[in-house]
Every structure is written in structure tokens, then in C-alpha cells.
Amino acid sequence: MKPKNSYDVIVIGGGPAGSSASALLSEQGHRVLLLEREKFPRYHIGESLLPFTYQPLERLGLIGRMKKSAFVKKYSVQFVSPSGRASLPFYFFNRYDRESIAQTWQVLRSEFDQMLLDNTRAKGTEVKEEITVKELLRDGERVIGVRTVSKDGETKDYHATITLDCSGKEAFSTVRNGWRVPDPYLNKIAVWTYYKGAKRDAGVDEGATTVAYVPEKGWFWYIPQHNDMISVGVVAEGKYLTRGGVKAPEEIFKREIEENLWIKEHLSHGLSTGNYYLTSEYSYHAKHCATEGLLLVGDAFAFLDPVFSSGVMLALKSGVMAADAVHQAFVTQDFSPEIFSNYAATLRQGVENMRKLVYAFYNPDFSFGRVIKKYPDAAGEITDCLSGDVNKDFSQLWKWVSEFVPLPDDLPVGQPLTHSEELAKA
Ligand SMILES: Cc1cc2nc3c(=O)[nH]c(=O)nc-3n(C[C@H](O)[C@H](O)[C@H](O)COP(=O)(O)OP(=O)(O)OC[C@H]3O[C@@H](n4cnc5c(N)ncnc54)[C@H](O)[C@@H]3O)c2cc1C
């Protein structure tokens, strides 16, 4: 007999990874329980989408809703030097169809994530909010469910054939399994705020993401949203941003505005909302993507520095891939961790391609312009990577870029932890 509170799949977390994986599994007829700590709509950072969110959003049946939404349309990304000089924008429509993939959005995550959660509920997922997962339940090495606590302090156990950890940067089971591998170089902090009425470009450039350099130290994001709001933040090493003992996010932010003329000028037209946020920005990777009864999805698997806005795309993409792999496991009744090897390899390839571009970006000797001047074909390749086509073969681009700056080797992480490895460890 099945234990009480028993499901096919438990999903921890209702962000883009959890909502997308659960929606597609429910659509396939599986009994899915999604447990979310917060009450939606809830605030979340990560507002700029990439063109390659199009395919997962299409699988989820949400493109029509996105097109009708108030979210600002984004067609490009541009880079601005400390002196205020803007690069030519990387327009996605130079590479992709303008009416579909090449047009993406700047979203308010409270609204976007609510739409995704409503979507999975509508497809049959049982969603429980304000329930925090506290523990993974195990039978030997196998994960068989979760122990939760509600807002009122009530503890309850839920069981499932497989549990998907979609807990985001908290990386619930990555941390508990001792699987967290920090990225050696990408160890920044971010300070950000919102401005009303600040300057935005006209026409097709209205929704462009701007990445503005802080000399040799870091960068600003400048993201135009609807309701006349701008999301603006600075990312750099903590030691640099807190130099001279400055600790308050507002003071840090205001000092850094002076470091980039474009940001200073654009913000001078608007009013600060007065709310400032700070987070550590340490990129990390999970040593394994899965073990018996457990699969990691989205930020819970890997978190990469957000300079190229790849997080939501990778969360949605991994959510779709996880749903397909788990559905296949139910079809074949094979739940061994090995079946997630392709999932791991594809996701890691995507993360590694983005990671190479992020490493290049942080090297003071790198500039997109210099690479493109020597190799004009690199412009298209760079646009593809910036669009999120991360599973494309970029070996030619990396050859070109590594003539200018060294690129990191792929990290040997991500494959499932198999039973024989566990036995060998014991
Ligand atoms: C400063 C900054 C800027 C960023 N900018 C961008 C950007 O411009 N574009 C972009 O694409 N990405 C950006 N990102 C990354 C983006 O925020 C994430 O990649 C994305 O939200 C990952 O989605 P997810 O579903 O994996 O996790 P999340 O969106 O974090 O969702 C995880 C959910 O799990 C819930 N949860 C966690 N623990 C538990 C628990 N124990 N029990 C129950 N529920 C739990 C949380 O409440 C949350 O709702 C940025 C990140 C940072 C830090």
C-alpha cells in the first residue's frame, strides 16, 4: 500500500524551474505536489529574459499570454564604457525571427512567477504555498519524500517516487548533500534598487538591457520595466564595493553611480524608490545533478553570475528537460540516477558556454569590439550566446576569444551520483 500523502513527483519551490517542470509533468498525467515557502505574488530578482526562453514558454503554452502582457519588449543588449560610450546594440533579430525568438521581455518577477504558478495549477499540479521543506526523507540512500513545516508550525511528511529540488539559490539538497562547488573566480556581490521615470531610449531600444562597466571592477545593469520603472544594480567584488568601510547598500549604490556617466545621466531624470537590496553573488555548481529519488533543476543545480541574464532561461530550459526525463522514467519504470546523464551533460554544456563568456567579460583585457574587429563573424556567434542558444557548438568562438584572454576549462561536475559510486564511497 502507498503511504499517506503520496505522489508521483514532489517539487520543492515554485520559481520558473519548479513551475515549468511541474506543469509539464501534470500535463502528462502524473500526480504532482509543488511546495513553496512563500505566498505568491512574491518579490524576486532576475527580471531580464533571453530570447531562448521562447521555446520553454511555448512548451508551457504561455507565449500568447506573454505577448498580451504589459511586460516591456526587449530586442537587444548593449554595453557602455565608464566614459558613457555605448556599443552598437546586439540586436537578436539580426540572427532570429523578429516576431518570435528575437523578441523577449523585461518582466516583474512577482507577476511572471505568478503566471507560471497559475499555469501549473491549471494543468493539475497541487500547489501548497507557505510550506517550507525542512528535510529530505530517505530509505537507505534513496530519497523517498520530504518533511515540511507550515506557517503555523505544523510538521507534515509527503512521499513521492521522485523529488525535484527547484529551491533556487538556496540549493536545498545541494547544500545538505555537501555537493556545492564554488566557482573560483565569480565571487561578487550585487546592490540594486528601482527608479521611477528615469531615462529610457525610444522605439525598438526602449526595452534594451544595458550593461555598463565600472572601471576594471564590475558592471551596472539597467533594465527598463513597465509602470515607468527602471531596475538598476551594480555587481562587483564585495571588497571593492565596501571599500573605506562603506556598508549601507544605499551609500554603496550612490557612490558607484559616479563611476559610470551613462548610468548617472540616465538616472538623473528619475526618482529613486528608496528601497535598496543586497545579495552575495557567488556562482556555484552542484557536484551531482541527481541521486536515487532526487533530481536538481534550475539554480538548485547551478547558479551563474547574472551578467548575461541567463538564469531564468536556464531555469525554464532545465524545467522542461527535467519533466521530459522524469516522464520517460515513469514510462520505462527506470528511476536509476544514470537515466539523468544526458540531462546533466546538456545542462552543463549550456552553463559552461555561458561561463566562458562571463569569464571573458570580467577580464580587463577583453572587449567584444576587439574580437569582432579581428573576426567579424564573431559578432553573430556572440549574439547567439547572448541570446541563450547555449547548446550550440561555440568551439570556433572560444578559439577566437582565447587569442585575447584565457578561458576556463569545463568543471568536472554535474553527473548523477550512481549507486555503484555510493557503494564505493561506503
Ligand atoms: C542580483 C541578481 C540578478 C539577476 N538577474 C537576472 C536577470 O536579469 N535575468 C535572469 O534570467 N536571471 C537573473 N538572475 C538569476 C535568476 O534570479 C535565477 O536564475 C532564477 O530565479 C532561477 O529560477 P529557479 O526557479 O531556479 O529559482 P527561484 O526563482 O529562486 O525559485 C525558487 C523558489 O523556491 C522556493 N524555496 C526555496 N527553498 C524552499 C524550501 N526549503 N521549501 C519550499 N520552497 C522553497 C523559493 O521561495 C522560490 O520561490 C539574477 C540573480 C541575481 C541574484
# chains A, B, ... in the order shown; residues from 1 in each chain; ligands from 1
>>> residues_near_ligand(ligand="ligand 1", cutoff="6 Å", atoms="only C-alpha atoms and all ligand atoms", output="JSON, numbers by chain")
{"A": [12, 13, 14, 15, 16, 17, 18, 35, 36, 37, 38, 45, 46, 47, 48, 49, 131, 132, 133, 134, 166, 167, 168, 169, 170, 190, 281, 298, 299, 300, 306, 309, 310, 311, 312, 313, 315]}
>>> residues_around(residues="A:Lys399", least_positions_apart="4", cutoff="12 Å", atoms="only C-alpha atoms", output="tab-separated table (two decimals) with N, CA, C and O atoms, in the first residue's frame")
chain	number	residue	atom	x	y	z
A	356	LYS	N	32.05	30.64	-19.97
A	356	LYS	CA	33.23	31.10	-20.71
A	356	LYS	C	33.07	32.58	-21.07
A	356	LYS	O	33.99	33.38	-20.92
A	371	VAL	N	37.48	41.65	-30.41
A	371	VAL	CA	37.32	40.31	-31.01
A	371	VAL	C	36.62	40.45	-32.36
A	371	VAL	O	37.03	39.85	-33.37
A	375	TYR	N	37.77	39.35	-35.99
A	375	TYR	CA	36.98	38.24	-36.57
A	375	TYR	C	35.52	38.69	-36.70
A	375	TYR	O	34.71	38.46	-35.79
A	378	ALA	N	32.55	36.74	-35.51
A	378	ALA	CA	32.32	36.52	-34.08
A	378	ALA	C	31.08	37.28	-33.60
A	378	ALA	O	30.45	36.88	-32.62
A	381	GLU	N	28.15	34.99	-33.59
A	381	GLU	CA	28.32	33.94	-32.57
A	381	GLU	C	28.06	34.50	-31.17
A	381	GLU	O	27.43	33.87	-30.34
A	393	ASP	N	27.31	24.64	-30.83
A	393	ASP	CA	28.75	24.40	-30.81
A	393	ASP	C	29.48	25.75	-30.96
A	393	ASP	O	29.48	26.34	-32.05
A	394	PHE	N	30.08	26.24	-29.88
A	394	PHE	CA	30.77	27.53	-29.92
A	394	PHE	C	32.29	27.36	-29.99
A	394	PHE	O	33.02	28.29	-29.64
A	395	SER	N	32.77	26.18	-30.41
A	395	SER	CA	34.22	25.95	-30.31
A	395	SER	C	35.02	26.98	-31.12
A	395	SER	O	36.08	27.43	-30.67
A	403	GLU	N	42.37	33.90	-28.04
A	403	GLU	CA	43.54	34.64	-28.50
A	403	GLU	C	43.71	35.94	-27.73
A	403	GLU	O	44.77	36.56	-27.73
A	404	PHE	N	42.64	36.40	-27.09
A	404	PHE	CA	42.67	37.68	-26.36
A	404	PHE	C	42.80	37.47	-24.85
A	404	PHE	O	43.52	38.19	-24.18
A	405	VAL	N	42.03	36.50	-24.33
A	405	VAL	CA	42.04	36.25	-22.88
A	405	VAL	C	41.93	34.74	-22.64
A	405	VAL	O	41.34	34.04	-23.45
A	406	PRO	N	42.51	34.26	-21.52
A	406	PRO	CA	42.37	32.82	-21.24
A	406	PRO	C	40.93	32.48	-20.87
A	406	PRO	O	40.24	33.31	-20.25
A	407	LEU	N	40.48	31.29	-21.24
A	407	LEU	CA	39.12	30.85	-20.89
A	407	LEU	C	39.21	29.66	-19.94
A	407	LEU	O	40.15	28.87	-20.02
>>> atom_distance(atom1="atom CA of A:Asn342", atom2="atom CA of A:Ala360")
27.3 Å
>>> residues_around(residues="A:Phe112", least_positions_apart="4", cutoff="12 Å", atoms="only C-alpha atoms", output="PDB file with N, CA, C and O atoms, in the first residue's frame")
ATOM      1  N   GLY A  14       8.495  27.026  -6.208  1.00  0.00           N
ATOM      2  CA  GLY A  14       7.591  27.406  -7.304  1.00  0.00           C
ATOM      3  C   GLY A  14       8.112  28.549  -8.160  1.00  0.00           C
ATOM      4  O   GLY A  14       7.343  29.344  -8.689  1.00  0.00           O
ATOM      5  N   GLY A  15       9.454  28.653  -8.314  1.00  0.00           N
ATOM      6  CA  GLY A  15      10.027  29.617  -9.256  1.00  0.00           C
ATOM      7  C   GLY A  15       9.904  29.065 -10.675  1.00  0.00           C
ATOM      8  O   GLY A  15       9.200  28.065 -10.907  1.00  0.00           O
ATOM      9  N   PRO A  16      10.587  29.682 -11.646  1.00  0.00           N
ATOM     10  CA  PRO A  16      10.489  29.220 -13.039  1.00  0.00           C
ATOM     11  C   PRO A  16      10.840  27.743 -13.223  1.00  0.00           C
ATOM     12  O   PRO A  16      10.180  27.047 -14.001  1.00  0.00           O
ATOM     13  N   SER A  19       7.875  25.590 -11.478  1.00  0.00           N
ATOM     14  CA  SER A  19       6.580  25.747 -12.148  1.00  0.00           C
ATOM     15  C   SER A  19       6.582  25.106 -13.530  1.00  0.00           C
ATOM     16  O   SER A  19       5.562  24.557 -13.956  1.00  0.00           O
ATOM     17  N   PHE A  40       2.606  33.631  -3.010  1.00  0.00           N
ATOM     18  CA  PHE A  40       2.719  34.407  -4.260  1.00  0.00           C
ATOM     19  C   PHE A  40       1.558  35.395  -4.352  1.00  0.00           C
ATOM     20  O   PHE A  40       0.489  35.103  -3.830  1.00  0.00           O
ATOM     21  N   PRO A  41       1.724  36.554  -5.012  1.00  0.00           N
ATOM     22  CA  PRO A  41       2.949  37.006  -5.671  1.00  0.00           C
ATOM     23  C   PRO A  41       4.004  37.423  -4.649  1.00  0.00           C
ATOM     24  O   PRO A  41       3.681  38.077  -3.677  1.00  0.00           O
ATOM     25  N   ARG A  42       5.249  37.038  -4.937  1.00  0.00           N
ATOM     26  CA  ARG A  42       6.352  37.411  -4.049  1.00  0.00           C
ATOM     27  C   ARG A  42       7.456  38.078  -4.889  1.00  0.00           C
ATOM     28  O   ARG A  42       7.615  37.829  -6.066  1.00  0.00           O
ATOM     29  N   TYR A  43       8.218  38.940  -4.208  1.00  0.00           N
ATOM     30  CA  TYR A  43       9.305  39.644  -4.895  1.00  0.00           C
ATOM     31  C   TYR A  43      10.417  38.644  -5.259  1.00  0.00           C
ATOM     32  O   TYR A  43      10.713  37.727  -4.504  1.00  0.00           O
ATOM     33  N   HIS A  44      11.044  38.849  -6.417  1.00  0.00           N
ATOM     34  CA  HIS A  44      12.242  38.073  -6.779  1.00  0.00           C
ATOM     35  C   HIS A  44      13.052  38.888  -7.766  1.00  0.00           C
ATOM     36  O   HIS A  44      12.486  39.549  -8.634  1.00  0.00           O
ATOM     37  N   ILE A  45      14.367  38.818  -7.632  1.00  0.00           N
ATOM     38  CA  ILE A  45      15.230  39.474  -8.619  1.00  0.00           C
ATOM     39  C   ILE A  45      15.430  38.511  -9.794  1.00  0.00           C
ATOM     40  O   ILE A  45      15.229  37.301  -9.651  1.00  0.00           O
ATOM     41  N   GLY A  46      15.836  39.058 -10.967  1.00  0.00           N
ATOM     42  CA  GLY A  46      16.074  38.227 -12.156  1.00  0.00           C
ATOM     43  C   GLY A  46      15.035  38.560 -13.209  1.00  0.00           C
ATOM     44  O   GLY A  46      14.195  37.730 -13.547  1.00  0.00           O
ATOM     45  N   GLU A  47      15.104  39.781 -13.737  1.00  0.00           N
ATOM     46  CA  GLU A  47      13.959  40.342 -14.470  1.00  0.00           C
ATOM     47  C   GLU A  47      14.122  40.410 -15.979  1.00  0.00           C
ATOM     48  O   GLU A  47      13.173  40.705 -16.690  1.00  0.00           O
ATOM     49  N   SER A  48      15.342  40.173 -16.450  1.00  0.00           N
ATOM     50  CA  SER A  48      15.584  40.330 -17.887  1.00  0.00           C
ATOM     51  C   SER A  48      15.626  38.946 -18.538  1.00  0.00           C
ATOM     52  O   SER A  48      16.462  38.116 -18.182  1.00  0.00           O
ATOM     53  N   LEU A  49      14.724  38.699 -19.471  1.00  0.00           N
ATOM     54  CA  LEU A  49      14.692  37.375 -20.117  1.00  0.00           C
ATOM     55  C   LEU A  49      15.599  37.358 -21.349  1.00  0.00           C
ATOM     56  O   LEU A  49      15.952  38.408 -21.884  1.00  0.00           O
ATOM     57  N   LEU A  57       8.750  28.638 -22.958  1.00  0.00           N
ATOM     58  CA  LEU A  57       7.455  29.313 -22.745  1.00  0.00           C
ATOM     59  C   LEU A  57       6.418  28.797 -23.744  1.00  0.00           C
ATOM     60  O   LEU A  57       5.232  28.685 -23.435  1.00  0.00           O
ATOM     61  N   LEU A  62       2.518  29.540 -23.036  1.00  0.00           N
ATOM     62  CA  LEU A  62       2.395  30.872 -22.436  1.00  0.00           C
ATOM     63  C   LEU A  62       2.800  32.024 -23.359  1.00  0.00           C
ATOM     64  O   LEU A  62       2.782  33.186 -22.934  1.00  0.00           O
ATOM     65  N   ARG A  65       0.060  34.656 -23.744  1.00  0.00           N
ATOM     66  CA  ARG A  65      -0.097  35.499 -22.548  1.00  0.00           C
ATOM     67  C   ARG A  65       1.048  36.489 -22.418  1.00  0.00           C
ATOM     68  O   ARG A  65       0.854  37.634 -22.023  1.00  0.00           O
ATOM     69  N   MET A  66       2.244  36.053 -22.761  1.00  0.00           N
ATOM     70  CA  MET A  66       3.396  36.971 -22.692  1.00  0.00           C
ATOM     71  C   MET A  66       3.209  38.103 -23.702  1.00  0.00           C
ATOM     72  O   MET A  66       3.478  39.261 -23.406  1.00  0.00           O
ATOM     73  N   SER A  69       0.861  40.628 -22.432  1.00  0.00           N
ATOM     74  CA  SER A  69       1.181  41.193 -21.110  1.00  0.00           C
ATOM     75  C   SER A  69       1.690  42.624 -21.232  1.00  0.00           C
ATOM     76  O   SER A  69       1.992  43.102 -22.323  1.00  0.00           O
ATOM     77  N   ALA A  70       1.831  43.271 -20.077  1.00  0.00           N
ATOM     78  CA  ALA A  70       2.356  44.649 -20.062  1.00  0.00           C
ATOM     79  C   ALA A  70       3.881  44.661 -20.062  1.00  0.00           C
ATOM     80  O   ALA A  70       4.492  45.729 -20.106  1.00  0.00           O
ATOM     81  N   PHE A  71       4.520  43.470 -20.003  1.00  0.00           N
ATOM     82  CA  PHE A  71       5.981  43.439 -19.911  1.00  0.00           C
ATOM     83  C   PHE A  71       6.614  44.151 -21.115  1.00  0.00           C
ATOM     84  O   PHE A  71       6.184  43.979 -22.255  1.00  0.00           O
ATOM     85  N   TRP A 105      11.421  39.707 -23.214  1.00  0.00           N
ATOM     86  CA  TRP A 105      10.753  40.652 -22.299  1.00  0.00           C
ATOM     87  C   TRP A 105      11.597  40.980 -21.079  1.00  0.00           C
ATOM     88  O   TRP A 105      12.418  40.179 -20.648  1.00  0.00           O
ATOM     89  N   GLN A 106      11.313  42.181 -20.526  1.00  0.00           N
ATOM     90  CA  GLN A 106      11.781  42.559 -19.185  1.00  0.00           C
ATOM     91  C   GLN A 106      10.566  42.368 -18.278  1.00  0.00           C
ATOM     92  O   GLN A 106       9.536  43.026 -18.492  1.00  0.00           O
ATOM     93  N   VAL A 107      10.672  41.489 -17.306  1.00  0.00           N
ATOM     94  CA  VAL A 107       9.475  41.145 -16.524  1.00  0.00           C
ATOM     95  C   VAL A 107       9.572  41.642 -15.084  1.00  0.00           C
ATOM     96  O   VAL A 107      10.658  41.919 -14.578  1.00  0.00           O
ATOM     97  N   LEU A 108       8.425  41.769 -14.445  1.00  0.00           N
ATOM     98  CA  LEU A 108       8.388  41.872 -12.982  1.00  0.00           C
ATOM     99  C   LEU A 108       8.232  40.446 -12.503  1.00  0.00           C
ATOM    100  O   LEU A 108       7.247  39.791 -12.834  1.00  0.00           O
ATOM    101  N   LEU A 116       3.341  31.746 -14.061  1.00  0.00           N
ATOM    102  CA  LEU A 116       3.853  30.369 -14.198  1.00  0.00           C
ATOM    103  C   LEU A 116       3.220  29.436 -13.167  1.00  0.00           C
ATOM    104  O   LEU A 116       2.876  28.293 -13.469  1.00  0.00           O
ATOM    105  N   LEU A 117       3.035  29.945 -11.945  1.00  0.00           N
ATOM    106  CA  LEU A 117       2.448  29.100 -10.890  1.00  0.00           C
ATOM    107  C   LEU A 117       0.969  28.828 -11.186  1.00  0.00           C
ATOM    108  O   LEU A 117       0.494  27.704 -11.017  1.00  0.00           O
ATOM    109  N   ASP A 118       0.245  29.860 -11.645  1.00  0.00           N
ATOM    110  CA  ASP A 118      -1.169  29.662 -12.018  1.00  0.00           C
ATOM    111  C   ASP A 118      -1.272  28.630 -13.133  1.00  0.00           C
ATOM    112  O   ASP A 118      -2.191  27.812 -13.169  1.00  0.00           O
ATOM    113  N   ASN A 119      -0.312  28.682 -14.052  1.00  0.00           N
ATOM    114  CA  ASN A 119      -0.317  27.775 -15.197  1.00  0.00           C
ATOM    115  C   ASN A 119      -0.165  26.319 -14.748  1.00  0.00           C
ATOM    116  O   ASN A 119      -0.880  25.433 -15.223  1.00  0.00           O
ATOM    117  N   VAL A 312      16.962  32.761 -15.721  1.00  0.00           N
ATOM    118  CA  VAL A 312      15.571  32.315 -15.927  1.00  0.00           C
ATOM    119  C   VAL A 312      15.505  31.384 -17.147  1.00  0.00           C
ATOM    120  O   VAL A 312      14.796  30.374 -17.123  1.00  0.00           O
TER     121      VAL A 312
END
>>> residues_around(residues="A:Ala286", least_positions_apart="5", cutoff="6 Å", atoms="only C-alpha atoms", output="VMD selection string")
chain A and resid 179 to 181 301
>>> select_by_dssp(residues="stretch 316-397 of chain A", states="helix (DSSP H, G or I)", output="MDAnalysis selection string")
chainID A and resid 316:332 337:362 368:374 378:387 395:397
>>> closest_residue(among="A:Asn177, A:Thr161, A:Thr383, A:Ser26", to="A:Phe330", atoms="only C-alpha atoms")
A:Thr161
>>> atom_distance(atom1="atom CA of A:Tyr96", atom2="atom CA of A:Arg355")
22.7 Å
>>> closest_atom_pairs(of="stretch 326-423 of chain A", to="stretch 214-218 of chain A", cutoff="10 Å", atoms="only C-alpha atoms", output="tab-separated table")
residue	atom	partner	partner_atom	distance
A:Phe361	CA	A:Gly218	CA	9.5
A:Tyr362	CA	A:Gly218	CA	7.3
A:Asn363	CA	A:Glu216	CA	8.1
A:Pro364	CA	A:Glu216	CA	5.7
A:Asp365	CA	A:Glu216	CA	9.3
>>> write_last_selection(atoms="N, CA and C atoms", output="PDB file, in the first residue's frame")
ATOM      1  N   PHE A 361      34.293  38.333 -20.044  1.00  0.00           N
ATOM      2  CA  PHE A 361      33.758  39.655 -19.720  1.00  0.00           C
ATOM      3  C   PHE A 361      34.494  40.290 -18.536  1.00  0.00           C
ATOM      4  N   TYR A 362      34.796  39.466 -17.517  1.00  0.00           N
ATOM      5  CA  TYR A 362      35.433  40.034 -16.318  1.00  0.00           C
ATOM      6  C   TYR A 362      36.933  40.266 -16.488  1.00  0.00           C
ATOM      7  N   ASN A 363      37.501  39.820 -17.591  1.00  0.00           N
ATOM      8  CA  ASN A 363      38.933  40.046 -17.809  1.00  0.00           C
ATOM      9  C   ASN A 363      39.128  41.453 -18.380  1.00  0.00           C
ATOM     10  N   PRO A 364      39.919  42.297 -17.706  1.00  0.00           N
ATOM     11  CA  PRO A 364      40.085  43.690 -18.166  1.00  0.00           C
ATOM     12  C   PRO A 364      40.673  43.780 -19.580  1.00  0.00           C
ATOM     13  N   ASP A 365      41.327  42.695 -20.045  1.00  0.00           N
ATOM     14  CA  ASP A 365      41.915  42.747 -21.398  1.00  0.00           C
ATOM     15  C   ASP A 365      40.923  42.365 -22.487  1.00  0.00           C
TER      16      ASP A 365
END
>>> closest_residue(among="A:Ile101, A:Val235, A:Leu34, A:Val72", to="A:Glu130", atoms="only C-alpha atoms")
A:Leu34
>>> closest_residue(among="A:Arg147, A:His269, A:Arg138, A:Lys247", to="A:Ile189", atoms="only C-alpha atoms")
A:Lys247
>>> residues_around(residues="A:Lys4", least_positions_apart="5", cutoff="12 Å", atoms="only C-alpha atoms", output="ChimeraX atom specification")
/A:145,156-160
